[in-house]
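**Student:** Structure supplied as coords-v1.cif; contents: mmCIF, C-alpha atoms and all ligand atoms.
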```cif
data_model
loop_
_atom_site.group_PDB
_atom_site.id
_atom_site.type_symbol
_atom_site.label_atom_id
_atom_site.label_comp_id
_atom_site.auth_asym_id
_atom_site.auth_seq_id
_atom_site.Cartn_x
_atom_site.Cartn_y
_atom_site.Cartn_z
ATOM 1 C CA MET L 1 112.873 29.300 135.023
ATOM 2 C CA THR L 2 110.839 32.289 136.183
ATOM 3 C CA HIS L 3 111.822 34.107 139.307
ATOM 4 C CA ASP L 4 109.766 36.432 141.441
ATOM 5 C CA PRO L 5 111.994 39.396 142.345
ATOM 6 C CA ALA L 6 110.495 39.254 145.833
ATOM 7 C CA ASP L 7 112.348 35.944 146.253
ATOM 8 C CA THR L 8 115.823 37.430 145.712
ATOM 9 C CA PRO L 9 118.419 36.028 145.671
ATOM 10 C CA PRO L 10 117.355 33.061 143.539
ATOM 11 C CA LYS L 11 118.592 29.727 144.702
ATOM 12 C CA PHE L 12 119.476 26.775 142.558
ATOM 13 C CA ALA L 13 116.356 24.609 142.632
ATOM 14 C CA ILE L 14 115.658 21.028 141.683
ATOM 15 C CA GLY L 15 112.211 19.494 141.306
ATOM 16 C CA LEU L 16 112.337 15.903 142.519
ATOM 17 C CA THR L 17 109.556 13.715 141.220
ATOM 18 C CA GLY L 18 108.640 10.087 140.641
ATOM 19 C CA GLY L 19 105.720 7.709 140.639
ATOM 20 C CA ILE L 20 104.162 6.410 143.831
ATOM 21 C CA GLY L 21 106.604 4.293 145.804
ATOM 22 C CA CYS L 22 109.605 5.018 143.556
ATOM 23 C CA GLY L 23 111.561 6.348 146.524
ATOM 24 C CA LYS L 24 111.157 10.139 146.434
ATOM 25 C CA THR L 25 111.221 10.508 150.219
ATOM 26 C CA THR L 26 114.077 8.024 150.593
ATOM 27 C CA VAL L 27 116.199 9.939 148.074
ATOM 28 C CA ALA L 28 115.176 13.392 149.367
ATOM 29 C CA ASP L 29 116.330 12.346 152.847
ATOM 30 C CA LEU L 30 119.756 11.442 151.408
ATOM 31 C CA PHE L 31 120.056 14.900 149.822
ATOM 32 C CA ALA L 32 118.923 16.531 153.069
ATOM 33 C CA ALA L 33 121.642 14.608 154.927
ATOM 34 C CA ARG L 34 124.152 16.286 152.580
ATOM 35 C CA GLY L 35 122.839 19.749 153.420
ATOM 36 C CA ALA L 36 120.241 20.368 150.702
ATOM 37 C CA SER L 37 117.119 22.277 151.733
ATOM 38 C CA VAL L 38 114.259 19.870 151.064
ATOM 39 C CA ILE L 39 110.749 21.282 150.666
ATOM 40 C CA ASP L 40 108.131 18.549 150.404
ATOM 41 C CA THR L 41 104.891 19.708 148.766
ATOM 42 C CA ASP L 42 103.005 16.673 150.127
ATOM 43 C CA GLN L 43 103.929 17.637 153.679
ATOM 44 C CA ILE L 44 102.862 21.210 152.962
ATOM 45 C CA ALA L 45 99.519 20.022 151.557
ATOM 46 C CA HIS L 46 98.984 17.895 154.673
ATOM 47 C CA ALA L 47 99.756 20.833 156.964
ATOM 48 C CA LEU L 48 97.348 23.075 155.050
ATOM 49 C CA THR L 49 94.560 20.517 155.439
ATOM 50 C CA ALA L 50 95.276 19.405 159.025
ATOM 51 C CA PRO L 51 92.950 20.547 161.841
ATOM 52 C CA HIS L 52 93.239 24.377 161.897
ATOM 53 C CA GLY L 53 95.254 24.186 158.660
ATOM 54 C CA ALA L 54 95.330 27.418 156.654
ATOM 55 C CA ALA L 55 93.255 25.944 153.802
ATOM 56 C CA MET L 56 90.488 24.544 156.025
ATOM 57 C CA PRO L 57 88.276 27.673 156.277
ATOM 58 C CA ALA L 58 88.150 28.019 152.479
ATOM 59 C CA LEU L 59 87.564 24.284 152.016
ATOM 60 C CA LEU L 60 84.731 24.268 154.547
ATOM 61 C CA GLU L 61 83.142 27.249 152.852
ATOM 62 C CA GLU L 62 83.411 25.643 149.419
ATOM 63 C CA PHE L 63 82.488 22.040 150.244
ATOM 64 C CA GLY L 64 80.581 22.325 153.502
ATOM 65 C CA PRO L 65 81.199 20.685 156.878
ATOM 66 C CA GLY L 66 81.011 17.209 155.291
ATOM 67 C CA CYS L 67 84.487 17.637 153.805
ATOM 68 C CA ALA L 68 86.115 17.589 157.246
ATOM 69 C CA THR L 69 86.744 14.861 159.799
ATOM 70 C CA PRO L 70 85.378 15.330 163.332
ATOM 71 C CA GLU L 71 88.861 16.591 164.274
ATOM 72 C CA GLY L 72 88.656 19.313 161.626
ATOM 73 C CA ALA L 73 91.103 17.944 159.061
ATOM 74 C CA LEU L 74 90.236 17.470 155.409
ATOM 75 C CA ASP L 75 88.520 14.098 155.015
ATOM 76 C CA ARG L 76 90.879 12.835 152.331
ATOM 77 C CA ALA L 77 88.986 9.626 151.578
ATOM 78 C CA ARG L 78 85.745 11.518 151.093
ATOM 79 C CA MET L 79 87.357 14.176 148.910
ATOM 80 C CA ARG L 80 89.119 11.517 146.844
ATOM 81 C CA ALA L 81 85.761 9.857 146.189
ATOM 82 C CA LEU L 82 84.155 13.206 145.362
ATOM 83 C CA VAL L 83 86.782 14.344 142.862
ATOM 84 C CA PHE L 84 86.739 10.891 141.274
ATOM 85 C CA THR L 85 83.045 11.238 140.408
ATOM 86 C CA ASP L 86 82.935 15.022 139.915
ATOM 87 C CA PRO L 87 85.750 16.617 137.870
ATOM 88 C CA GLY L 88 84.413 20.081 138.729
ATOM 89 C CA ALA L 89 85.052 19.326 142.392
ATOM 90 C CA ARG L 90 88.688 18.587 141.564
ATOM 91 C CA THR L 91 88.999 21.991 139.879
ATOM 92 C CA ARG L 92 87.454 23.725 142.893
ATOM 93 C CA LEU L 93 89.679 21.783 145.298
ATOM 94 C CA GLU L 94 92.807 22.591 143.312
ATOM 95 C CA ALA L 95 91.793 26.259 143.033
ATOM 96 C CA ILE L 96 91.903 26.412 146.827
ATOM 97 C CA LEU L 97 94.959 24.245 147.448
ATOM 98 C CA HIS L 98 97.365 25.056 144.629
ATOM 99 C CA PRO L 99 97.846 28.795 145.278
ATOM 100 C CA ARG L 100 98.295 28.079 148.976
ATOM 101 C CA ILE L 101 100.841 25.348 148.278
ATOM 102 C CA ARG L 102 102.639 27.726 145.909
ATOM 103 C CA ASP L 103 102.742 30.482 148.559
ATOM 104 C CA ALA L 104 103.851 28.072 151.304
ATOM 105 C CA THR L 105 106.654 26.637 149.169
ATOM 106 C CA ALA L 106 107.804 30.151 148.256
ATOM 107 C CA ALA L 107 107.827 31.090 151.932
ATOM 108 C CA ALA L 108 109.777 27.934 152.792
ATOM 109 C CA ALA L 109 112.242 28.706 149.993
ATOM 110 C CA LEU L 110 112.942 32.136 151.475
ATOM 111 C CA LEU L 111 113.908 30.443 154.744
ATOM 112 C CA ALA L 112 116.029 27.748 153.073
ATOM 113 C CA ASN L 113 119.643 28.008 154.140
ATOM 114 C CA GLY L 114 121.142 25.060 152.249
ATOM 115 C CA PRO L 115 123.274 25.574 149.135
ATOM 116 C CA TYR L 116 120.366 24.522 146.924
ATOM 117 C CA ILE L 117 116.696 23.599 147.214
ATOM 118 C CA ILE L 118 115.040 20.297 146.404
ATOM 119 C CA TYR L 119 111.283 20.552 145.952
ATOM 120 C CA VAL L 120 109.628 17.138 146.265
ATOM 121 C CA VAL L 121 106.658 17.299 143.887
ATOM 122 C CA PRO L 122 104.962 13.950 143.179
ATOM 123 C CA LEU L 123 102.910 15.341 140.268
ATOM 124 C CA LEU L 124 105.533 17.746 138.914
ATOM 125 C CA ILE L 125 105.260 16.562 135.312
ATOM 126 C CA GLU L 126 101.459 16.419 135.511
ATOM 127 C CA SER L 127 101.061 19.880 137.042
ATOM 128 C CA GLY L 128 102.542 21.942 134.234
ATOM 129 C CA THR L 129 103.417 24.967 136.365
ATOM 130 C CA TRP L 130 106.282 23.476 138.345
ATOM 131 C CA ARG L 131 108.733 23.097 135.466
ATOM 132 C CA GLU L 132 109.313 26.825 135.252
ATOM 133 C CA ARG L 133 109.996 27.119 138.981
ATOM 134 C CA VAL L 134 113.032 24.807 138.983
ATOM 135 C CA HIS L 135 116.350 24.694 137.189
ATOM 136 C CA ARG L 136 116.402 20.910 136.868
ATOM 137 C CA VAL L 137 113.956 18.042 137.113
ATOM 138 C CA LEU L 138 115.201 14.933 138.892
ATOM 139 C CA ALA L 139 113.152 11.765 138.374
ATOM 140 C CA ILE L 140 113.391 8.826 140.740
ATOM 141 C CA ASP L 141 112.873 5.775 138.610
ATOM 142 C CA CYS L 142 112.186 2.114 139.220
ATOM 143 C CA PRO L 143 110.397 -0.654 137.319
ATOM 144 C CA GLU L 144 106.617 -0.686 137.755
ATOM 145 C CA GLN L 145 106.716 -4.104 139.390
ATOM 146 C CA VAL L 146 109.057 -2.758 142.094
ATOM 147 C CA GLN L 147 106.721 0.210 142.633
ATOM 148 C CA VAL L 148 103.751 -2.117 143.015
ATOM 149 C CA ALA L 149 105.558 -4.398 145.449
ATOM 150 C CA ARG L 150 106.787 -1.510 147.627
ATOM 151 C CA VAL L 151 103.411 0.213 147.880
ATOM 152 C CA MET L 152 101.579 -3.066 148.522
ATOM 153 C CA ALA L 153 104.018 -3.804 151.367
ATOM 154 C CA ARG L 154 103.922 -0.276 152.802
ATOM 155 C CA ASN L 155 100.221 0.601 152.466
ATOM 156 C CA GLY L 156 98.588 -2.823 152.605
ATOM 157 C CA LEU L 157 96.898 -2.254 149.226
ATOM 158 C CA ASP L 158 96.301 -4.932 146.618
ATOM 159 C CA GLU L 159 97.926 -4.803 143.195
ATOM 160 C CA ALA L 160 94.803 -3.471 141.443
ATOM 161 C CA GLN L 161 94.582 -0.546 143.891
ATOM 162 C CA VAL L 162 98.224 0.361 143.391
ATOM 163 C CA ARG L 163 97.900 0.115 139.618
ATOM 164 C CA ALA L 164 94.814 2.374 139.709
ATOM 165 C CA ILE L 165 96.872 5.068 141.464
ATOM 166 C CA MET L 166 99.687 4.603 138.957
ATOM 167 C CA ALA L 167 97.223 4.928 136.071
ATOM 168 C CA ALA L 168 96.375 8.457 137.240
ATOM 169 C CA GLN L 169 100.046 9.472 137.017
ATOM 170 C CA VAL L 170 102.177 10.015 133.898
ATOM 171 C CA THR L 171 103.871 6.910 132.579
ATOM 172 C CA ARG L 172 107.420 5.982 133.472
ATOM 173 C CA ALA L 173 108.501 6.828 129.899
ATOM 174 C CA GLN L 174 106.850 10.262 129.996
ATOM 175 C CA ARG L 175 108.517 11.048 133.308
ATOM 176 C CA LEU L 176 111.935 9.945 132.085
ATOM 177 C CA ALA L 177 111.506 12.007 128.919
ATOM 178 C CA ALA L 178 110.785 15.126 130.999
ATOM 179 C CA ALA L 179 113.681 14.637 133.427
ATOM 180 C CA ASP L 180 117.094 16.308 133.295
ATOM 181 C CA ASP L 181 118.533 13.866 135.840
ATOM 182 C CA VAL L 182 117.502 10.359 136.818
ATOM 183 C CA ILE L 183 118.221 8.256 139.883
ATOM 184 C CA VAL L 184 117.566 4.562 139.412
ATOM 185 C CA ASN L 185 116.165 3.121 142.631
ATOM 186 C CA ASP L 186 115.619 -0.526 141.804
ATOM 187 C CA ALA L 187 118.008 -2.074 144.313
ATOM 188 C CA GLY L 188 119.330 -1.305 147.772
ATOM 189 C CA LEU L 189 120.789 1.810 149.356
ATOM 190 C CA ASP L 190 124.274 0.812 148.166
ATOM 191 C CA GLU L 191 123.265 1.600 144.616
ATOM 192 C CA LEU L 192 121.500 4.802 145.652
ATOM 193 C CA LEU L 193 124.320 6.486 147.536
ATOM 194 C CA PRO L 194 126.841 6.979 144.681
ATOM 195 C CA GLN L 195 124.094 8.358 142.420
ATOM 196 C CA VAL L 196 123.008 10.847 145.084
ATOM 197 C CA GLU L 197 126.621 11.816 145.802
ATOM 198 C CA ARG L 198 127.421 12.437 142.129
ATOM 199 C CA LEU L 199 124.332 14.609 141.599
ATOM 200 C CA HIS L 200 124.877 16.449 144.888
ATOM 201 C CA LEU L 201 128.385 17.494 143.782
ATOM 202 C CA GLY L 202 127.013 18.640 140.430
ATOM 203 C CA TYR L 203 124.224 20.614 142.100
ATOM 204 C CA LEU L 204 126.738 22.288 144.434
ATOM 205 C CA ASP L 205 128.716 23.402 141.370
ATOM 206 C CA GLU L 206 125.614 24.706 139.618
ATOM 207 C CA ALA L 207 124.459 26.472 142.791
ATOM 208 C CA ALA L 208 127.832 28.211 143.120
ATOM 209 C CA ARG L 209 127.705 29.250 139.460
ATOM 210 C CA LEU L 210 124.181 30.643 139.884
ATOM 211 C CA ALA L 211 125.153 32.537 143.026
ATOM 212 C CA ALA L 212 127.914 34.277 141.043
ATOM 213 C CA ILE L 213 125.512 35.535 138.352
ATOM 214 C CA PRO L 214 123.744 38.813 139.253
ATOM 215 C CA ASN L 215 120.349 38.148 137.636
ATOM 216 C CA GLY L 216 120.313 34.502 138.629
ATOM 217 C CA ARG L 217 119.994 32.936 135.171
ATOM 218 C CA LEU L 218 122.135 29.932 134.313
HETATM 219 P P1 LIG L 301 105.034 8.022 147.784
HETATM 220 O O1 LIG L 301 104.844 8.344 146.353
HETATM 221 O O2 LIG L 301 104.024 7.047 148.251
HETATM 222 O O3 LIG L 301 105.134 9.222 148.672
HETATM 223 P P2 LIG L 301 107.902 7.734 147.646
HETATM 224 O O4 LIG L 301 108.175 7.856 146.191
HETATM 225 O O5 LIG L 301 108.221 8.912 148.515
HETATM 226 O O6 LIG L 301 106.436 7.213 147.913
HETATM 227 P P3 LIG L 301 109.372 6.177 149.541
HETATM 228 O O7 LIG L 301 108.385 6.449 150.610
HETATM 229 O O8 LIG L 301 110.721 6.806 149.642
HETATM 230 O O9 LIG L 301 108.726 6.472 148.114
HETATM 231 O O10 LIG L 301 109.582 4.611 149.344
HETATM 232 C C1 LIG L 301 108.466 3.730 149.239
HETATM 233 C C2 LIG L 301 108.704 2.509 150.104
HETATM 234 O O11 LIG L 301 109.764 1.745 149.534
HETATM 235 C C3 LIG L 301 109.148 2.865 151.509
HETATM 236 O O12 LIG L 301 108.611 1.908 152.381
HETATM 237 C C4 LIG L 301 110.662 2.772 151.441
HETATM 238 O O13 LIG L 301 111.232 2.443 152.673
HETATM 239 C C5 LIG L 301 110.868 1.661 150.419
HETATM 240 N N1 LIG L 301 112.089 1.848 149.628
HETATM 241 C C6 LIG L 301 112.404 2.915 148.869
HETATM 242 N N2 LIG L 301 113.602 2.732 148.270
HETATM 243 C C7 LIG L 301 114.048 1.526 148.657
HETATM 244 C C8 LIG L 301 115.226 0.754 148.384
HETATM 245 N N3 LIG L 301 116.181 1.204 147.566
HETATM 246 N N4 LIG L 301 115.338 -0.450 148.959
HETATM 247 C C9 LIG L 301 114.365 -0.919 149.766
HETATM 248 N N5 LIG L 301 113.234 -0.257 150.081
HETATM 249 C C10 LIG L 301 113.064 0.963 149.530
#
```
Can I see the file as structure tokens?
**Tutor:**
Amino acid sequence: MTHDPADTPPKFAIGLTGGIGCGKTTVADLFAARGASVIDTDQIAHALTAPHGAAMPALLEEFGPGCATPEGALDRARMRALVFTDPGARTRLEAILHPRIRDATAAAALLANGPYIIYVVPLLIESGTWRERVHRVLAIDCPEQVQVARVMARNGLDEAQVRAIMAAQVTRAQRLAAADDVIVNDAGLDELLPQVERLHLGYLDEAARLAAIPNGRL
């Protein structure tokens, strides 16, 4: 992985990813409960685009006042519709958001005081640039039918809507092929806990090894 010297000392970092509804947040919370520093890029993106969020001035300048809700947050539904019909708009949106998300995650990483960092990055495999920022990629995996059922129950969407979101993400097979570690989340918490515990102990070991190496390369 690459490391900006300004970030010294480097910390062992895991990129946690998974398709919609696979259980990224559920699993990240279990790691956080064991002391990991969890940095959620979705939460950061929401903060940047909330009323008075740091990305809002640039977004308003680029897309005009119509891109914001009356409260001053990014109108996500409107932007989703825009980028769906206009690929150039997606590029312009990402050009504003991605560097700010990168800076905010780097700033959060400097403040992280856990033994290792877990970045929650829904589109880690899709993004291309995240792989080099983490030592390991952890995929949360479950069958597509379980994904569909969970998101339908949680978001009140119908199956076609959930499958449309899934179609814009890499396939389960592609994600598994890109992962170093996998947590299978197709049952209850009882099955999740031993998997999290085993990986947590391994990550603690790796973090200690990294901390003992001067230039931070494993
Ligand atoms: P998103 O991609 O939408 O952010 P996510 O991958 O973070 O989702 P979660 O929010 O953790 O997924 O889980 C999706 C839904 O499924 C939640 O309502 C969560 O409570 C539920 N869920 C996750 N794992 C399990 C499980 N093992 N057993 C039962 N319900 C679960």
**Student:** Could you write out as number ranges by chain the residues that the PyMOL selection byres (((not hetatm)) within 9 of (chain L and resi 301)) matches in the shown file?
**Tutor:** L: 17-29, 42, 120, 122, 140, 146-147, 149-151, 153-155, 184-192
**Student:** Given the selection you just returned, output its residues as a file containing C-alpha atoms, formatted as a PDB file, keeping the file's coordinate frame.
**Tutor:**
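Okay, this is what ended up in selection_17.pdb:
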```pdb
ATOM      1  CA  THR L  17     109.556  13.715 141.220  1.00  0.00           C
ATOM      2  CA  GLY L  18     108.640  10.087 140.641  1.00  0.00           C
ATOM      3  CA  GLY L  19     105.720   7.709 140.639  1.00  0.00           C
ATOM      4  CA  ILE L  20     104.162   6.410 143.831  1.00  0.00           C
ATOM      5  CA  GLY L  21     106.604   4.293 145.804  1.00  0.00           C
ATOM      6  CA  CYS L  22     109.605   5.018 143.556  1.00  0.00           C
ATOM      7  CA  GLY L  23     111.561   6.348 146.524  1.00  0.00           C
ATOM      8  CA  LYS L  24     111.157  10.139 146.434  1.00  0.00           C
ATOM      9  CA  THR L  25     111.221  10.508 150.219  1.00  0.00           C
ATOM     10  CA  THR L  26     114.077   8.024 150.593  1.00  0.00           C
ATOM     11  CA  VAL L  27     116.199   9.939 148.074  1.00  0.00           C
ATOM     12  CA  ALA L  28     115.176  13.392 149.367  1.00  0.00           C
ATOM     13  CA  ASP L  29     116.330  12.346 152.847  1.00  0.00           C
ATOM     14  CA  ASP L  42     103.005  16.673 150.127  1.00  0.00           C
ATOM     15  CA  VAL L 120     109.628  17.138 146.265  1.00  0.00           C
ATOM     16  CA  PRO L 122     104.962  13.950 143.179  1.00  0.00           C
ATOM     17  CA  ILE L 140     113.391   8.826 140.740  1.00  0.00           C
ATOM     18  CA  VAL L 146     109.057  -2.758 142.094  1.00  0.00           C
ATOM     19  CA  GLN L 147     106.721   0.210 142.633  1.00  0.00           C
ATOM     20  CA  ALA L 149     105.558  -4.398 145.449  1.00  0.00           C
ATOM     21  CA  ARG L 150     106.787  -1.510 147.627  1.00  0.00           C
ATOM     22  CA  VAL L 151     103.411   0.213 147.880  1.00  0.00           C
ATOM     23  CA  ALA L 153     104.018  -3.804 151.367  1.00  0.00           C
ATOM     24  CA  ARG L 154     103.922  -0.276 152.802  1.00  0.00           C
ATOM     25  CA  ASN L 155     100.221   0.601 152.466  1.00  0.00           C
ATOM     26  CA  VAL L 184     117.566   4.562 139.412  1.00  0.00           C
ATOM     27  CA  ASN L 185     116.165   3.121 142.631  1.00  0.00           C
ATOM     28  CA  ASP L 186     115.619  -0.526 141.804  1.00  0.00           C
ATOM     29  CA  ALA L 187     118.008  -2.074 144.313  1.00  0.00           C
ATOM     30  CA  GLY L 188     119.330  -1.305 147.772  1.00  0.00           C
ATOM     31  CA  LEU L 189     120.789   1.810 149.356  1.00  0.00           C
ATOM     32  CA  ASP L 190     124.274   0.812 148.166  1.00  0.00           C
ATOM     33  CA  GLU L 191     123.265   1.600 144.616  1.00  0.00           C
ATOM     34  CA  LEU L 192     121.500   4.802 145.652  1.00  0.00           C
TER      35      LEU L 192
END
```
**Student:** Can you pull out every residue within 8 Å of stretch 105-109 of chain L, counting only C-alpha atoms, but drop anything in the same chain fewer than 4 positions away, and send it as a PyMOL selection string?
**Tutor:** chain L and resi 7+39+41+44+101+117
**Student:** Using 10 Å as the limit and counting all atoms listed in the file, can you tabulate each residue of stretch 66-161 of chain L that touches stretch 49-54 of chain L, with its shortest atom-to-atom distance in Å and the two atoms involved, as JSON lines?
**Tutor:**
```
{"residue": "L:Ala68", "atom": "CA", "partner": "L:Pro51", "partner_atom": "CA", "distance": 8.8}
{"residue": "L:Thr69", "atom": "CA", "partner": "L:Pro51", "partner_atom": "CA", "distance": 8.7}
{"residue": "L:Pro70", "atom": "CA", "partner": "L:Pro51", "partner_atom": "CA", "distance": 9.3}
{"residue": "L:Glu71", "atom": "CA", "partner": "L:Pro51", "partner_atom": "CA", "distance": 6.2}
{"residue": "L:Gly72", "atom": "CA", "partner": "L:Pro51", "partner_atom": "CA", "distance": 4.5}
{"residue": "L:Ala73", "atom": "CA", "partner": "L:Pro51", "partner_atom": "CA", "distance": 4.2}
{"residue": "L:Leu74", "atom": "CA", "partner": "L:Thr49", "partner_atom": "CA", "distance": 5.3}
{"residue": "L:Asp75", "atom": "CA", "partner": "L:Thr49", "partner_atom": "CA", "distance": 8.8}
{"residue": "L:Arg76", "atom": "CA", "partner": "L:Thr49", "partner_atom": "CA", "distance": 9.1}
{"residue": "L:Leu97", "atom": "CA", "partner": "L:Thr49", "partner_atom": "CA", "distance": 8.8}
{"residue": "L:Arg100", "atom": "CA", "partner": "L:Ala54", "partner_atom": "CA", "distance": 8.3}
```
**Student:** List as a list of chain:residue names the protein and nucleic acid residues near L:Phe12, meaning an atom at most 8 Å away when only C-alpha atoms are counted, but skip any in the same chain fewer than 3 places from it.
**Tutor:** L:Pro115, L:Tyr116, L:Ile117, L:Val134, L:His135, L:Tyr203, L:Glu206, L:Ala207, L:Leu210
**Student:** From the list L:Pro57, L:Gly128, L:Gly15, L:Gly64, which residue is nearest L:Asp180 when using all atoms listed in the file?
**Tutor:**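 Looking at the shortest contact to L:Asp180, the residue is L:Gly15.
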**Student:** Just how far from atom CA of L:Asp158 is atom CA of L:Arg90, in Å to one decimal?
**Tutor:**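 It comes out at 25.2 Å.
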**Student:** Give me, please, the distance in Å between atom CA of L:Leu124 and atom CA of L:Asp40, quoted to one decimal.
**Tutor:**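 That distance, rounded to one decimal, is 11.8 Å.
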**Student:** Around the point (88.3, 5.4, 146.3), in the coordinates given by the file, pick out the residues reaching within 12 Å, counting all atoms listed in the file, and return them as a PDB file with C-alpha atoms, in the frame of the given file.
**Tutor:**
```pdb
ATOM      1  CA  ARG L  76      90.879  12.835 152.331  1.00  0.00           C
ATOM      2  CA  ALA L  77      88.986   9.626 151.578  1.00  0.00           C
ATOM      3  CA  ARG L  78      85.745  11.518 151.093  1.00  0.00           C
ATOM      4  CA  MET L  79      87.357  14.176 148.910  1.00  0.00           C
ATOM      5  CA  ARG L  80      89.119  11.517 146.844  1.00  0.00           C
ATOM      6  CA  ALA L  81      85.761   9.857 146.189  1.00  0.00           C
ATOM      7  CA  LEU L  82      84.155  13.206 145.362  1.00  0.00           C
ATOM      8  CA  VAL L  83      86.782  14.344 142.862  1.00  0.00           C
ATOM      9  CA  PHE L  84      86.739  10.891 141.274  1.00  0.00           C
ATOM     10  CA  THR L  85      83.045  11.238 140.408  1.00  0.00           C
ATOM     11  CA  LEU L 157      96.898  -2.254 149.226  1.00  0.00           C
ATOM     12  CA  GLN L 161      94.582  -0.546 143.891  1.00  0.00           C
ATOM     13  CA  VAL L 162      98.224   0.361 143.391  1.00  0.00           C
ATOM     14  CA  ALA L 164      94.814   2.374 139.709  1.00  0.00           C
ATOM     15  CA  ILE L 165      96.872   5.068 141.464  1.00  0.00           C
TER      16      ILE L 165
END
```
**Student:** Distance atom CA of L:Ala208-atom CA of L:Ile125, one decimal place?
**Tutor:**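 Interatomic distance here is 26.6 Å.
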**Student:** Using only C-alpha atoms, which protein or nucleic acid residues come within 9 Å of L:Ala178? Drop anything in the same chain fewer than 2 positions from it, and give the result as a VMD selection string.
**Tutor:** chain L and resid 125 137 139 173 to 176 180
**Student:** Counting only C-alpha atoms, which residue out of L:Leu16, L:Glu94, L:Leu110, L:Pro87 sits closest to L:Phe31?
**Tutor:** L:Leu16
